[in-house]
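Undergrad: Here you go, one structure.
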Amino acid sequence: EFPVAHLCVIEKSIREMREMYSFGLKSAVFNYKYKDPLEVRRLESLNLPPCEEEVFPELNELLGTVDTPSPNYPYSKNYISENLFFTHHLLYGTIFSIIGRWSQFSDSLLCDVHMKGITLPCELDAFKNRQSTTVSKASERLQDDWSVNTTATILNDLDDHFNFYEDDAERYRNSRMCRFFRMINLIMSYQLRTLILQSITAYTEFLVQYRVDLPDDYHEEDDFLEEEPSDKAERERKLAFLAAKEEKKLELQAAAAAEAATSDDKSKSKKKQAPDATAGDEEAEKPEVVNTNQNDVCLIRLSLEIDEDKEQRGFNKKILKMCSEVNGNQPLFVIKLISNSDAVIYDPLLEEVEDAVKSVYEGFFNETQDILGVGDKLFPLLNLRPFELASVSRSELPVDLIHQLMTDNKKGPRQLLALYESFEYLLKIDIEMFIEEFEATNPTLQDYEGQFDQLQVDIERIQNRSLNEISFEMIKVECYDIKHSLIRKTQDIALALEQSLAKQARNRCKHCSEEYSQTYEAIQAPVETPEELHRLKLEADKVPLKVDKLKQVFATVTDANLLLAKHNFAVDDADFVLYWETYGWPKKVQQVLEDSEFKYKENRHRFINQLREDTEELTREVQELQTQVEKCSRWSAENQLEEYFVQVQKLRSQIDECGEKMHKYNNREDLFNMPNTPWHLKELKASFEPYEQLWTIVNHVSSKFELWNMRPFENLQPDEVETNVLQWGKTLQQLTRKLKDEGPLQIATKFYEQVKAFQPLLPLIHALRHPGLQAKHWREIAAMVGKQERDLKPAEQDKFTLRHLTTNFDLLSHLSKIEEVSDRAEKQHKLDKQLADMKAEWTHVQYQLEPHGETFVLKEVDDIQAKLDDHIVKTQTMLGSQHAKDIKDQVERWEKRLLLLQSIQDEWLKCQQSWAYLDPIFSASDIQKALPGAYQSFSKVDKVWGEVMDSTKKNPSVLIKAEDEDLLRRFQKANGLLEEILKKLYDFLETKRMAFPRFYFISNDALLEILSESQEPTRVQKYLSKCFEGVKELRFRENLDIDMMMSPEGEKVTFHKSLNPSDCNNQVELWLSKVEDTMQESIREHLRLSIDDYIAKTTKGNEREGRVKWILQWPGQVVLAISCLYWTRETEEALITDGNAGLHKYAVRCDEQKQDLVNCVRGKLSRVERATIQALLVIEVHNQVITNEIRDKGVSEVSTFDWQAQLRYY
């Protein structure tokens, strides 16, 4: 028994032993777990001292007894008093002062969970501002008060005991000062960690208030609807409407085809009898064309197309009830459902709400990561690294809880959004284009009425779609804006359709009015000729049918106005007046039609009498002409040739006039059903024709022969002479055979002989009138006849005539030689002309320039190059001709000029191509800095280019450039520099590709664009898919941090750590290499985390459902890899456990897993989820085939070759 006085000591000792036992047990557990490398990595942020290795004695040194140290209480007490800072008489006051000061902060939070002064639900910005302000103020307070005052307390209390001017770092690290400051920083880390943890706990509890609570017996499949009930009924109504419309169209098409087949012959006969009238009928029928266009523009069809394209994820009965009934929820946020261009969206977006909720957690870390411990600033002479206070790891956040909470809270708003997405087709409609396309289908009144009905139904559905304010657990949604926007757009479409219908009615009414007016004017028109009387009769006969058709068209106008009145659309006053004017037209037309019948009979009698008088007069005129034609056969006096010619021309005019009258009178006789009067004018023309030809040719021969012999020879046109002489001779020869009367026959024979005598002169005229004959050729011809050139070709023009040549010289005997000289002159002349033409063509040829930055470049040089190539070939051909001796020097100089131009242009275009390629490259400052030498060389070329183009702009003539040999040398030198620049540039690109080999996948131009915009890292986005297959883009934050990669299908994979291009000085090849490493590390991290998640989801609850959820949650690449890994693992476990019997069991499991995927594919999936499951399904079918094969082969061990030969995953 102990004395009562010692009881307090005993109780204190027992309490100390219990604490020591607890501490020892915890220390042992910690030391054991701290041996795990994963645990060491997790606790790195705490800056714990390294764990001391335990030293165990060698067993062979133990001799059967164990030496124990003898207790030395005074030594131990003294050691503890000097090394245990909490009991040290100099330090414990400072320590407890620091601990006590923390009481000012221990009850505070880094977030505001009370939201005082803010009415809930609140705007998202108000929530973000409140939380941001709270955490910022708390952070400032911790930095400015807690951390600074802690440093000041240590400095004030221990300045006399610690050497704060220690300058030996090694001595400091081995001193108690170092251990003391480490202890203080651990205390501060614990205090800060406690604050962050309690903030996380408080904020999480605050959010949990807004969780979605479901009853214990709730089953989601029982509460699931594939489609909202009213949407289903509306869709069935729309499909029934379209089916009925399609059936009606087919009936109309069949009826139209049958009618067209039966009336085809009638239509053709009508067109032949009265084409004008038929055209009018077709025009009148035009507004009544039936719309049978299968691709008609229909609001119902558009809405169904939108529904087909939209991903349907189904609806929840509970959520639909919340959308239609008021509830007692008190949400945190309020957002609006609005329209953005052509889509229904939230403002702010649900993703922004989720980011705002999660950003509060992120704020805890961001605002506390800069709070530093003490020690580094107290020792100014030591270069100590600032002590970063250990914070909370992000892995300690309740990620799953928050993710599930936000996922559940987004379901309601998302399904509400889906309710209004059914009306997105209204927002997507461009009203002007819709009306234009709708009118192009020639819609009927029923089409308009169908559109109006659909719009009215949509307005009612929008109004009743949901409450104006829906309160979900966390989010309150206001639907005022979206309802107003959709209804306003619907009303705008309806108004546009009403205006379109009014315009159609106006056009049809106007058409009817114009047709009535034209008919009215036509049957009242005055009649001056029988033809006009006949047309009036035809018009009057068509009026009844035409009026009936116009009445049918006007009936559609009336129906349209009634429909517009039904929808309270007021037509214009002008349309109103036009309608009633058109309404009165049929009565007016009928009155005029009755009067026209009497007028027709009166005019018909008058025109018949007039026609009889005209035919008798024409008969007398024809008889008179017959008498005059008979007189022509007796003409034979050569001294009256001119008079005969005049009389013949007069007779021709009279005969033609009688022919016109005959045609007109015969047509009128047909109109009045009278027999045609025969006038035999055709026979009269046949008997008159030979005499007309004779006296016309005789007149021409007499006048032309005299003219050709006496006019200056150089004015003679050889082709004209030859054509006339040959034609006259041919005609006169035929007349000598036709004419029987002696006088005309003698005249024809005589003039035929004259023409025949003139024909041998034609070759001579051609040879001597060639434009290529020059003085040397005339001298050669004169020598043939033994005369001088001046005798053959006098200087006086009036003496140099055809008569002079034929009378004074015997040129016909030398005709063959003269033709040879003429032919040679012709070829020489062609060469001269060809050379002159080439020079003339280049006179106006100029270089076309187009602006390029501050200078110019050549454009459209293809025509110049083609012309240049053609002329070089022509010039070289001329040099090879034997007739070019006289102009050889000129041709050679011209060839040299063209070849110089060819060289200049080749070098010019070569320089332009390289310069234009390099100019934008060296405009970038990054390229200038990377290749300074090449940039200097390019600057020289650029200067030359600018000077040449400025000169060309002032004088763009191509011929001027063809004489500048210095220009050729300048371009050749510039091209040499450009080749060197390109080589340096390609070498530079090669170094970049060696630094980041994936650059080999993209072109030089693309790589240069990336390098020239290195200060804009986002410019690399469009080339990422070429560098990384399957990666479309990276996500850049506002500060250009990269934290995510996205695939073309929309799959997103978050990086395990963010990186910023500025960390690599924006050198694209370096930060892209880091991106590649981060991609690999992130995928490894996702693989590791997904394995844990796979185990968690498949071991809790239903394994198959958990596996499907796991597949839909993780990225596709991760799902495929881990699935293959588990297939290998589970196959081998089945072999190890039960041998071949295990494979039989596992094959059944594989089939079940495959069936789960098949069922999932048949359901509602996103694009990314569907792609993942389809790929996984292919792999799992293959794995199942392998499993069945090795099962059937009797494989029972892992080491069996049939299993080892398969592709396995570990």
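In the structure tokens, each chain is lettered A, B, ... as it comes, each chain's residues begin at 1, and ligands are numbered from 1 in order of appearance.
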Check stretch 970-1197 of chain A with DSSP on the backbone and list each residue it calls alpha helix (DSSP H), as a PyMOL selection string.
TA: chain A and resi 970-995+1004-1012+1024-1027+1068-1099+1103-1113+1116-1138+1140-1162+1167-1192
Undergrad: Might you pull out every residue within 10 Å of A:Ile335, with only C-alpha atoms counted and same-chain residues fewer than 5 positions away left off, and present them as a list in words?
TA: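 Contacts, in chain order: Pro121, Cys122, Glu123, Leu124, Tyr346, Asp347, Pro348, Leu349, Leu350, Val353, Pro413, Glu469, Ile475, Lys476, Val477, Glu478 and Cys479 of chain A.
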Undergrad: Using only C-alpha atoms, which of the listed residues (A:Pro997, A:Asn1004, A:Gln746, A:Lys410) sits closest to A:Leu918?
TA: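 Looking only at the distances to A:Leu918, the closest residue turns out to be A:Asn1004.
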